[in-house]
Structures are given as C-alpha cells and as structure tokens.
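Undergrad: Following this line is upload10.pdb, made up of PDB, C-alpha atoms, pLDDT in the B column:
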```
MODEL        1
ATOM      1  CA  MET A1445      57.443  96.166  88.792  1.00 69.00           C
ATOM      2  CA  ALA A1446      60.887  95.356  90.149  1.00 76.00           C
ATOM      3  CA  GLN A1447      63.465  98.012  89.436  1.00 85.00           C
ATOM      4  CA  VAL A1448      66.511  96.784  87.520  1.00 88.00           C
ATOM      5  CA  LYS A1449      69.715  97.806  89.228  1.00 89.00           C
ATOM      6  CA  LYS A1450      72.080  99.746  86.995  1.00 91.00           C
ATOM      7  CA  VAL A1451      75.470  98.065  86.574  1.00 92.00           C
ATOM      8  CA  PRO A1452      78.343 100.556  86.951  1.00 95.00           C
ATOM      9  CA  ILE A1453      80.571 100.537  83.868  1.00 97.00           C
ATOM     10  CA  ARG A1454      84.222 101.612  83.897  1.00 97.00           C
ATOM     11  CA  ARG A1455      86.681 102.010  81.030  1.00 98.00           C
ATOM     12  CA  CYS A1456      89.943 100.050  81.047  1.00 98.00           C
ATOM     13  CA  LEU A1457      92.961 102.356  81.131  1.00 97.00           C
ATOM     14  CA  ALA A1458      94.986 100.112  78.799  1.00 97.00           C
ATOM     15  CA  THR A1459      92.479  98.778  76.242  1.00 97.00           C
ATOM     16  CA  ASN A1460      89.890 101.597  76.453  1.00 97.00           C
ATOM     17  CA  GLN A1461      87.127  98.945  76.536  1.00 97.00           C
ATOM     18  CA  PRO A1462      84.119  99.400  78.849  1.00 98.00           C
ATOM     19  CA  PHE A1463      83.534  96.652  81.441  1.00 97.00           C
ATOM     20  CA  PRO A1464      81.309  96.219  84.485  1.00 97.00           C
ATOM     21  CA  LYS A1465      83.148  97.628  87.515  1.00 95.00           C
ATOM     22  CA  LYS A1466      83.127  94.226  89.271  1.00 93.00           C
ATOM     23  CA  GLU A1467      85.131  92.653  86.420  1.00 94.00           C
ATOM     24  CA  MET A1468      88.046  95.060  86.757  1.00 96.00           C
ATOM     25  CA  PHE A1469      91.020  95.731  88.988  1.00 97.00           C
ATOM     26  CA  ARG A1470      90.984  99.105  90.731  1.00 97.00           C
ATOM     27  CA  ILE A1471      94.391 100.534  91.500  1.00 97.00           C
ATOM     28  CA  VAL A1472      94.390 103.480  93.908  1.00 97.00           C
ATOM     29  CA  ARG A1473      96.827 106.185  94.926  1.00 97.00           C
ATOM     30  CA  THR A1474      95.881 106.807  98.543  1.00 96.00           C
ATOM     31  CA  PRO A1475      95.953 110.357  99.984  1.00 96.00           C
ATOM     32  CA  ASP A1476      99.362 109.603 101.578  1.00 95.00           C
ATOM     33  CA  GLY A1477     100.827 108.656  98.183  1.00 94.00           C
ATOM     34  CA  ALA A1478     100.883 104.847  98.497  1.00 96.00           C
ATOM     35  CA  VAL A1479      99.673 102.736  95.557  1.00 97.00           C
ATOM     36  CA  ILE A1480      97.404  99.804  96.420  1.00 97.00           C
ATOM     37  CA  ILE A1481      95.148  97.320  94.639  1.00 97.00           C
ATOM     38  CA  ASP A1482      91.657  98.030  95.913  1.00 96.00           C
ATOM     39  CA  ASP A1483      89.656  94.811  96.160  1.00 94.00           C
ATOM     40  CA  THR A1484      86.668  96.489  97.846  1.00 92.00           C
ATOM     41  CA  GLY A1485      86.267  99.271  95.267  1.00 91.00           C
ATOM     42  CA  LYS A1486      85.774 101.703  98.121  1.00 93.00           C
ATOM     43  CA  ALA A1487      89.306 102.784  99.062  1.00 95.00           C
ATOM     44  CA  ASN A1488      89.935 106.507  99.384  1.00 96.00           C
ATOM     45  CA  GLY A1489      92.065 108.176  96.754  1.00 96.00           C
ATOM     46  CA  ARG A1490      92.577 108.508  93.012  1.00 96.00           C
ATOM     47  CA  GLY A1491      91.615 105.323  91.186  1.00 96.00           C
ATOM     48  CA  ALA A1492      92.376 103.759  87.833  1.00 97.00           C
ATOM     49  CA  TYR A1493      90.732 100.679  86.336  1.00 97.00           C
ATOM     50  CA  LEU A1494      92.353  97.798  84.435  1.00 97.00           C
ATOM     51  CA  SER A1495      90.464  94.901  82.876  1.00 97.00           C
ATOM     52  CA  LYS A1496      91.360  91.491  84.271  1.00 97.00           C
ATOM     53  CA  THR A1497      93.470  90.384  81.305  1.00 96.00           C
ATOM     54  CA  LYS A1498      97.193  89.778  81.069  1.00 97.00           C
ATOM     55  CA  GLU A1499      97.225  91.897  77.902  1.00 97.00           C
ATOM     56  CA  ALA A1500      95.800  94.964  79.686  1.00 97.00           C
ATOM     57  CA  ILE A1501      98.283  94.629  82.560  1.00 97.00           C
ATOM     58  CA  MET A1502     101.241  94.308  80.165  1.00 97.00           C
ATOM     59  CA  ILE A1503     100.099  97.326  78.085  1.00 97.00           C
ATOM     60  CA  ALA A1504      99.732  99.426  81.237  1.00 97.00           C
ATOM     61  CA  LYS A1505     103.160  98.307  82.418  1.00 97.00           C
ATOM     62  CA  SER A1506     105.004  98.922  79.140  1.00 97.00           C
ATOM     63  CA  LYS A1507     103.434 102.353  78.546  1.00 97.00           C
ATOM     64  CA  LYS A1508     103.550 103.334  82.246  1.00 97.00           C
ATOM     65  CA  LEU A1509      99.831 104.176  82.050  1.00 97.00           C
ATOM     66  CA  LEU A1510      99.231 103.809  85.793  1.00 97.00           C
ATOM     67  CA  ASP A1511     102.141 106.150  86.545  1.00 97.00           C
ATOM     68  CA  LYS A1512     100.540 108.818  84.340  1.00 97.00           C
ATOM     69  CA  GLN A1513      96.980 108.274  85.561  1.00 97.00           C
ATOM     70  CA  LEU A1514      97.837 108.193  89.269  1.00 97.00           C
ATOM     71  CA  GLU A1515     100.571 110.839  88.952  1.00 96.00           C
ATOM     72  CA  VAL A1516     103.029 108.726  90.969  1.00 97.00           C
ATOM     73  CA  ALA A1517     105.654 106.065  90.179  1.00 96.00           C
ATOM     74  CA  VAL A1518     103.974 102.644  90.325  1.00 96.00           C
ATOM     75  CA  GLY A1519     106.290  99.881  91.518  1.00 95.00           C
ATOM     76  CA  GLU A1520     106.969  96.589  89.741  1.00 95.00           C
ATOM     77  CA  GLU A1521     105.335  94.711  92.652  1.00 97.00           C
ATOM     78  CA  ILE A1522     101.898  96.171  91.830  1.00 97.00           C
ATOM     79  CA  TYR A1523     102.029  94.648  88.323  1.00 97.00           C
ATOM     80  CA  ASP A1524     103.353  91.359  89.737  1.00 96.00           C
ATOM     81  CA  GLU A1525     100.485  91.232  92.238  1.00 97.00           C
ATOM     82  CA  LEU A1526      97.910  91.956  89.491  1.00 97.00           C
ATOM     83  CA  LEU A1527      99.314  89.089  87.399  1.00 96.00           C
ATOM     84  CA  LYS A1528      99.247  86.827  90.475  1.00 97.00           C
ATOM     85  CA  LYS A1529      95.579  87.682  91.103  1.00 95.00           C
ATOM     86  CA  LEU A1530      94.792  86.601  87.527  1.00 94.00           C
ATOM     87  CA  GLY A1531      96.125  83.164  88.392  1.00 87.00           C
TER      88      GLY A1531
ENDMDL
END
```
Translate this file's structure into structure tokens.
TA:
Amino acid sequence: MAQVKKVPIRRCLATNQPFPKKEMFRIVRTPDGAVIIDDTGKANGRGAYLSKTKEAIMIAKSKKLLDKQLEVAVGEEIYDELLKKLG
C-alpha cells in the first residue's frame, strides 16, 4: 500500500480560513528584523500566512494584521508586491 502524503494546512491570518500551505503567501520577519515574502516556505524567522486573494491582502493591510503578527512595522511595498504576485 502506498502511503498518502499529508498535505500541510495553514490558516490565513486575514480570513481565518484553512488552506494547503502551497496555496498561500508566507511573509517572514527574518532574525535581523527585515520583512520578506518567502517563496520557498523555508526562510528563517517568524512567519505569517495569507491566502492568495486580493480580499485577504486588503484585510491584512487595513487592519495591520501582519504588523501585529510579526511584531514589526510592515511596509507598503510588501502589500504592493503581494498584489503584484497575484497578477
């Protein structure tokens, strides 16, 4: 019998909906305090997950959810880059 691989599930910070990890953006505060968008899912530091929807990004931006979760001020450019990645 082939073993079925378990799909890691993460909860969206903005919508509180569970999604497979691969279908989400991971935003990371690195140990030196920089905030980056982690495309690999393996970057070192404190991470927060956002679902890949414009709605989730706008909720996070308006309520400053990433700032609270990562305990650091998240710049406008991070949100702009997330929206750009959506297309």
Undergrad: Residues near Leu1526 of chain A, anyone? I mean within 12 Å using only C-alpha atoms, not counting same-chain ones fewer than 4 positions away, as a list in words.
TA: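 So, after excluding close chain neighbours, the residues are Met1468, Phe1469, Arg1470, Ile1471, Ile1480, Ile1481, Asp1482, Asp1483, Tyr1493, Leu1494, Ser1495, Lys1496, Thr1497, Lys1498, Glu1499, Ala1500, Ile1501, Met1502, Ala1504, Lys1505, Gly1519, Glu1520, Glu1521, Ile1522, Leu1530 and Gly1531 of chain A.
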Undergrad: Go through the shown structure with the PyMOL selection byres ((chain A and resi 1516) around 12) and write out the matching residues as a ChimeraX atom specification.
TA: /A:1471-1480,1490-1491,1508-1515,1517-1519
Undergrad: Could you tell me how far atom CA of Lys1450 of chain A sits from atom CA of Leu1527 of chain A, in Å to one decimal place?
TA: 29.2 Å
Undergrad: Applied to this file, what does the PyMOL selection byres ((chain A and resi 1465) around 6) return in terms of residues, put as a PDB file with C-alpha atoms, in the frame of the given file?
TA:
```pdb
ATOM      1  CA  PRO A1452      78.343 100.556  86.951  1.00 95.00           C
ATOM      2  CA  ILE A1453      80.571 100.537  83.868  1.00 97.00           C
ATOM      3  CA  ARG A1454      84.222 101.612  83.897  1.00 97.00           C
ATOM      4  CA  PRO A1464      81.309  96.219  84.485  1.00 97.00           C
ATOM      5  CA  LYS A1466      83.127  94.226  89.271  1.00 93.00           C
ATOM      6  CA  GLU A1467      85.131  92.653  86.420  1.00 94.00           C
ATOM      7  CA  MET A1468      88.046  95.060  86.757  1.00 96.00           C
TER       8      MET A1468
END
```
Undergrad: Could you work out how far atom CA of Ala1458 of chain A lies from atom CA of Ala1492 of chain A, giving the answer in Å with one decimal?
TA: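 About the pair atom CA of Ala1492 of chain A and atom CA of Ala1458 of chain A: they are 10.1 Å apart.
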Undergrad: Just the number, please: distance in Å from atom CA of Gln1461 of chain A to atom CA of Ile1503 of chain A, one decimal.
TA: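 Interatomic distance here is 13.2 Å.
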Undergrad: Kindly list the centre and edge lengths in Å, rounded to one decimal, for the axis-aligned box that covers all listed atoms of segment 1472-1485 of chain A plus 3 Å on each of its six sides, as JSON.
TA:
```
{"center_x": 93.6, "center_y": 102.6, "center_z": 97.7, "size_x": 20.6, "size_y": 21.5, "size_z": 13.7}
```
Undergrad: With N, CA and C atoms as the target, complete segment 1458-1475 of chain A and hand it back as a PDB file, keeping the file's coordinate frame.
TA:
```pdb
ATOM      1  N   ALA A1458      94.076 100.620  79.830  1.00 97.00           N
ATOM      2  CA  ALA A1458      94.986 100.112  78.799  1.00 97.00           C
ATOM      3  C   ALA A1458      94.285  99.871  77.462  1.00 97.00           C
ATOM      4  N   THR A1459      93.132  99.188  77.494  1.00 97.00           N
ATOM      5  CA  THR A1459      92.479  98.778  76.242  1.00 97.00           C
ATOM      6  C   THR A1459      91.381  99.743  75.799  1.00 97.00           C
ATOM      7  N   ASN A1460      90.961 100.633  76.715  1.00 97.00           N
ATOM      8  CA  ASN A1460      89.890 101.597  76.453  1.00 97.00           C
ATOM      9  C   ASN A1460      88.543 100.915  76.209  1.00 97.00           C
ATOM     10  N   GLN A1461      88.389  99.672  76.666  1.00 97.00           N
ATOM     11  CA  GLN A1461      87.127  98.945  76.536  1.00 97.00           C
ATOM     12  C   GLN A1461      86.284  99.139  77.796  1.00 97.00           C
ATOM     13  N   PRO A1462      84.970  99.314  77.653  1.00 98.00           N
ATOM     14  CA  PRO A1462      84.119  99.400  78.849  1.00 98.00           C
ATOM     15  C   PRO A1462      83.812  98.011  79.422  1.00 98.00           C
ATOM     16  N   PHE A1463      83.848  97.902  80.738  1.00 97.00           N
ATOM     17  CA  PHE A1463      83.534  96.652  81.441  1.00 97.00           C
ATOM     18  C   PHE A1463      82.729  96.979  82.688  1.00 97.00           C
ATOM     19  N   PRO A1464      81.932  96.016  83.172  1.00 97.00           N
ATOM     20  CA  PRO A1464      81.309  96.219  84.485  1.00 97.00           C
ATOM     21  C   PRO A1464      82.400  96.385  85.544  1.00 97.00           C
ATOM     22  N   LYS A1465      82.167  97.300  86.479  1.00 95.00           N
ATOM     23  CA  LYS A1465      83.148  97.628  87.515  1.00 95.00           C
ATOM     24  C   LYS A1465      83.660  96.391  88.259  1.00 95.00           C
ATOM     25  N   LYS A1466      82.762  95.434  88.517  1.00 93.00           N
ATOM     26  CA  LYS A1466      83.127  94.226  89.271  1.00 93.00           C
ATOM     27  C   LYS A1466      84.144  93.353  88.537  1.00 93.00           C
ATOM     28  N   GLU A1467      84.229  93.496  87.212  1.00 94.00           N
ATOM     29  CA  GLU A1467      85.131  92.653  86.420  1.00 94.00           C
ATOM     30  C   GLU A1467      86.479  93.312  86.170  1.00 94.00           C
ATOM     31  N   MET A1468      86.794  94.330  86.978  1.00 96.00           N
ATOM     32  CA  MET A1468      88.046  95.060  86.757  1.00 96.00           C
ATOM     33  C   MET A1468      88.852  95.167  88.036  1.00 96.00           C
ATOM     34  N   PHE A1469      90.165  95.404  87.853  1.00 97.00           N
ATOM     35  CA  PHE A1469      91.020  95.731  88.988  1.00 97.00           C
ATOM     36  C   PHE A1469      90.955  97.238  89.187  1.00 97.00           C
ATOM     37  N   ARG A1470      90.894  97.671  90.440  1.00 97.00           N
ATOM     38  CA  ARG A1470      90.984  99.105  90.731  1.00 97.00           C
ATOM     39  C   ARG A1470      92.294  99.336  91.457  1.00 97.00           C
ATOM     40  N   ILE A1471      93.112 100.190  90.888  1.00 97.00           N
ATOM     41  CA  ILE A1471      94.391 100.534  91.500  1.00 97.00           C
ATOM     42  C   ILE A1471      94.258 101.966  91.996  1.00 97.00           C
ATOM     43  N   VAL A1472      94.653 102.201  93.258  1.00 97.00           N
ATOM     44  CA  VAL A1472      94.390 103.480  93.908  1.00 97.00           C
ATOM     45  C   VAL A1472      95.677 104.098  94.437  1.00 97.00           C
ATOM     46  N   ARG A1473      95.798 105.414  94.212  1.00 97.00           N
ATOM     47  CA  ARG A1473      96.827 106.185  94.926  1.00 97.00           C
ATOM     48  C   ARG A1473      96.121 106.788  96.131  1.00 97.00           C
ATOM     49  N   THR A1474      96.518 106.335  97.314  1.00 96.00           N
ATOM     50  CA  THR A1474      95.881 106.807  98.543  1.00 96.00           C
ATOM     51  C   THR A1474      96.315 108.246  98.816  1.00 96.00           C
ATOM     52  N   PRO A1475      95.587 108.956  99.698  1.00 96.00           N
ATOM     53  CA  PRO A1475      95.953 110.357  99.984  1.00 96.00           C
ATOM     54  C   PRO A1475      97.395 110.521 100.490  1.00 96.00           C
TER      55      PRO A1475
END
```
